[in-house]
Amino acid sequence: MLSILMYFYSTHARRPRELLSVCSFDVTNVKYGAKPNSDIIKALANAWKDACASTSASTVLVPKGTYKLKEASFKGPCKAPIELQVKGTLQAPQDSAQLSKPDTWIEFSYLDNFTLSGGGTFDGQGHKAWLANDCHKNSKCTSIAINMRFYSVKNSLVKDVTSLNSKNFHVNIIGCERLTFQHFIITAPRNSTNTDGIHIGRSIGVNITDANIKTGDDCISIGDGTKQLTITNVTCGSGHGISIGSLGKYQKEDPVSGINISNCTLSDTSNGVRIKTWPNSPSPGTASDIHFENIIMNNVGNPILIDQEYCPWNLCNKQVLSIYQAL
């Protein structure tokens with residue numbers, strides 16, 4: 001009787017793994033041919049294409065190891081929930097000129113029920129780009145690549161991955177709904193130029209929780225049209241702190257509302273929490289229903305700052321007051 005029960009258990013224990021293997025798309029599989037220390041752009045694109053077409057939940061796997069990746073676009077809609085599991089390190093080209101889009105390394109777009117996970121690292125290799133960045137004195141400076149762009153991504157989760165040394169912003173979130181970042185790590189040196197950690201704009205219901213962000217610019221920046229944003233248990237520093245804005249630079253910006261920031265720690269940052277708006281705004285705008293709660297600050301330059309004359313590098317007219325309202 002015991003042997004029969006053991007056989008029954010072991011048979012059923014194997015079946016979920018067998019089902020999982022059917023829907024797992026390993027880029028190092030012979031079909032895709034990815035190899036460490038080589039460019040996996042084609043292997044990853046082909047694995048994603050097959051997984052996205054699957055009518056069952058699927059996983060694209062990048063195993064441990066270091067892989068070159070010229071660029072990637074993970075585009076939906078897909079036919080079922082899909083996960084990209086990066087366990088290794090993906091390295092961007094050091095020279096942005098190799099990219100098809102000079103402002104984008106990796107893009108996720110038009111996805112629903114998507115998960116990015118695995119404990120791996122997205123290495124933007126930004127040191128060369130930081131030295132060449134002249135945007136502080138040139139309003140027509142060359143576009144520089146963002147590590148990860150999320151556009152029109154809904155009901156999705158990013159967890160347990162690292163963005164390292166992006167050339168520009170680490171993460172840019174536009175037009176997304178109910179997108180969560182959990183146990184997300186961002187690392188770049190204090191002197192890395194314009195390397196905002198996470199920038200959110202025109203999105204609803206974004207959640208950032210249990211993240212650790214060390215960078216050369218804003219740890220998190222909140223742009224126009226951001227609504228119902230929750231930031232909690234985030235450790236920030238070095239960097240410029242957590243910023244709402246800048247706002248009011250462009251025509252007809254969408255209102256910002258429902259911002260909840262709590263239980264965060266900022267250390268060795270130039271600012272703590274701030275709201276920044278441009279003077280001489282081309283049209284009025286509002287930022288309302290904003291809550292900061294239980295924020296710990298250590299060695300912070302300006303703990304709380306409302307700046308309505310935000311004018312980096314003196315590229316604006318401070319003689320005309322901002323007409324953007326923080327309510």
# chains A, B, ... in the order shown; residues from 1 in each chain; ligands from 1
>>> residues_around(residues="segment 296-308 of chain A", least_positions_apart="3", cutoff="7 Å", atoms="only C-alpha atoms", output="VMD selection string")
chain A and resid 264 to 279 322
>>> write_last_selection(atoms="N, CA and C atoms", output="PDB file, in the first residue's frame")
ATOM      1  N   CYS A 264       9.977  55.727   3.667  1.00  0.00           N
ATOM      2  CA  CYS A 264      11.174  55.737   2.822  1.00  0.00           C
ATOM      3  C   CYS A 264      12.349  56.342   3.589  1.00  0.00           C
ATOM      4  N   THR A 265      13.560  55.960   3.197  1.00  0.00           N
ATOM      5  CA  THR A 265      14.775  56.482   3.809  1.00  0.00           C
ATOM      6  C   THR A 265      15.663  57.089   2.739  1.00  0.00           C
ATOM      7  N   LEU A 266      16.056  58.355   2.953  1.00  0.00           N
ATOM      8  CA  LEU A 266      16.952  59.043   2.028  1.00  0.00           C
ATOM      9  C   LEU A 266      18.236  59.395   2.751  1.00  0.00           C
ATOM     10  N   SER A 267      19.373  59.014   2.164  1.00  0.00           N
ATOM     11  CA  SER A 267      20.671  59.252   2.798  1.00  0.00           C
ATOM     12  C   SER A 267      21.654  59.838   1.791  1.00  0.00           C
ATOM     13  N   ASP A 268      22.382  60.884   2.228  1.00  0.00           N
ATOM     14  CA  ASP A 268      23.431  61.489   1.406  1.00  0.00           C
ATOM     15  C   ASP A 268      22.905  61.963   0.058  1.00  0.00           C
ATOM     16  N   THR A 269      21.700  62.536   0.049  1.00  0.00           N
ATOM     17  CA  THR A 269      21.112  63.080  -1.168  1.00  0.00           C
ATOM     18  C   THR A 269      21.128  64.604  -1.107  1.00  0.00           C
ATOM     19  N   SER A 270      21.134  65.245  -2.276  1.00  0.00           N
ATOM     20  CA  SER A 270      21.142  66.713  -2.298  1.00  0.00           C
ATOM     21  C   SER A 270      19.800  67.284  -1.865  1.00  0.00           C
ATOM     22  N   ASN A 271      18.720  66.523  -2.112  1.00  0.00           N
ATOM     23  CA  ASN A 271      17.385  66.919  -1.676  1.00  0.00           C
ATOM     24  C   ASN A 271      16.691  65.720  -1.047  1.00  0.00           C
ATOM     25  N   GLY A 272      15.650  66.026  -0.268  1.00  0.00           N
ATOM     26  CA  GLY A 272      14.828  64.957   0.273  1.00  0.00           C
ATOM     27  C   GLY A 272      13.628  64.732  -0.631  1.00  0.00           C
ATOM     28  N   VAL A 273      12.477  65.300  -0.246  1.00  0.00           N
ATOM     29  CA  VAL A 273      11.282  65.258  -1.099  1.00  0.00           C
ATOM     30  C   VAL A 273      11.034  66.677  -1.594  1.00  0.00           C
ATOM     31  N   ARG A 274      10.723  66.801  -2.870  1.00  0.00           N
ATOM     32  CA  ARG A 274      10.542  68.146  -3.419  1.00  0.00           C
ATOM     33  C   ARG A 274       9.511  68.153  -4.534  1.00  0.00           C
ATOM     34  N   ILE A 275       8.957  69.337  -4.742  1.00  0.00           N
ATOM     35  CA  ILE A 275       8.087  69.617  -5.885  1.00  0.00           C
ATOM     36  C   ILE A 275       8.775  70.704  -6.691  1.00  0.00           C
ATOM     37  N   LYS A 276       8.984  70.469  -7.981  1.00  0.00           N
ATOM     38  CA  LYS A 276       9.705  71.458  -8.784  1.00  0.00           C
ATOM     39  C   LYS A 276       8.913  71.795 -10.050  1.00  0.00           C
ATOM     40  N   THR A 277       8.708  73.091 -10.269  1.00  0.00           N
ATOM     41  CA  THR A 277       7.985  73.563 -11.445  1.00  0.00           C
ATOM     42  C   THR A 277       8.792  74.645 -12.145  1.00  0.00           C
ATOM     43  N   TRP A 278       8.627  74.707 -13.451  1.00  0.00           N
ATOM     44  CA  TRP A 278       9.359  75.692 -14.248  1.00  0.00           C
ATOM     45  C   TRP A 278       8.693  77.066 -14.168  1.00  0.00           C
ATOM     46  N   PRO A 279       9.482  78.121 -14.141  1.00  0.00           N
ATOM     47  CA  PRO A 279       8.911  79.454 -14.323  1.00  0.00           C
ATOM     48  C   PRO A 279       8.521  79.627 -15.793  1.00  0.00           C
ATOM     49  N   SER A 322       6.048  81.008 -12.139  1.00  0.00           N
ATOM     50  CA  SER A 322       5.373  79.778 -12.513  1.00  0.00           C
ATOM     51  C   SER A 322       3.880  79.909 -12.269  1.00  0.00           C
TER      52      SER A 322
END
>>> select_by_dssp(residues="segment 91-183 of chain A", states="helix (DSSP H, G or I)", output="ChimeraX atom specification")
/A:96-98,127-132
>>> write_last_selection(atoms="N, CA and C atoms", output="CSV table (one decimal), in the first residue's frame")
chain,number,residue,atom,x,y,z
A,96,SER,N,26.4,54.4,-27.8
A,96,SER,CA,25.0,54.5,-28.2
A,96,SER,C,24.7,54.5,-29.7
A,97,ALA,N,25.8,54.8,-30.5
A,97,ALA,CA,25.6,54.9,-31.9
A,97,ALA,C,25.2,53.5,-32.5
A,98,GLN,N,25.5,52.4,-31.8
A,98,GLN,CA,25.1,51.1,-32.3
A,98,GLN,C,23.6,50.8,-32.2
A,127,HIS,N,29.5,54.6,-18.5
A,127,HIS,CA,30.6,55.5,-18.2
A,127,HIS,C,31.0,56.3,-19.4
A,128,LYS,N,31.1,55.8,-20.6
A,128,LYS,CA,31.5,56.6,-21.7
A,128,LYS,C,30.4,57.6,-22.1
A,129,ALA,N,29.2,57.3,-21.9
A,129,ALA,CA,28.1,58.2,-22.2
A,129,ALA,C,28.1,59.4,-21.2
A,130,TRP,N,28.3,59.1,-20.0
A,130,TRP,CA,28.3,60.2,-19.0
A,130,TRP,C,29.4,61.3,-19.3
A,131,LEU,N,30.5,60.8,-19.8
A,131,LEU,CA,31.6,61.8,-20.1
A,131,LEU,C,31.2,62.6,-21.3
A,132,ALA,N,30.4,62.1,-22.2
A,132,ALA,CA,30.1,62.8,-23.5
A,132,ALA,C,28.8,63.6,-23.3
>>> closest_residue(among="A:Gln325, A:Thr209, A:Ser117, A:Gln91", to="Thr59 of chain A", atoms="only C-alpha atoms")
A:Ser117
>>> closest_residue(among="A:Leu321, A:Ile185, A:Leu179, A:Ile295", to="Thr232 of chain A", atoms="only C-alpha atoms")
A:Ile295
>>> residues_around(residues="segment 314-318 of chain A", least_positions_apart="6", cutoff="10 Å", atoms="only C-alpha atoms", output="JSON, numbers by chain")
{"A": [136, 137, 138, 139, 249, 278, 279, 280, 281, 308]}
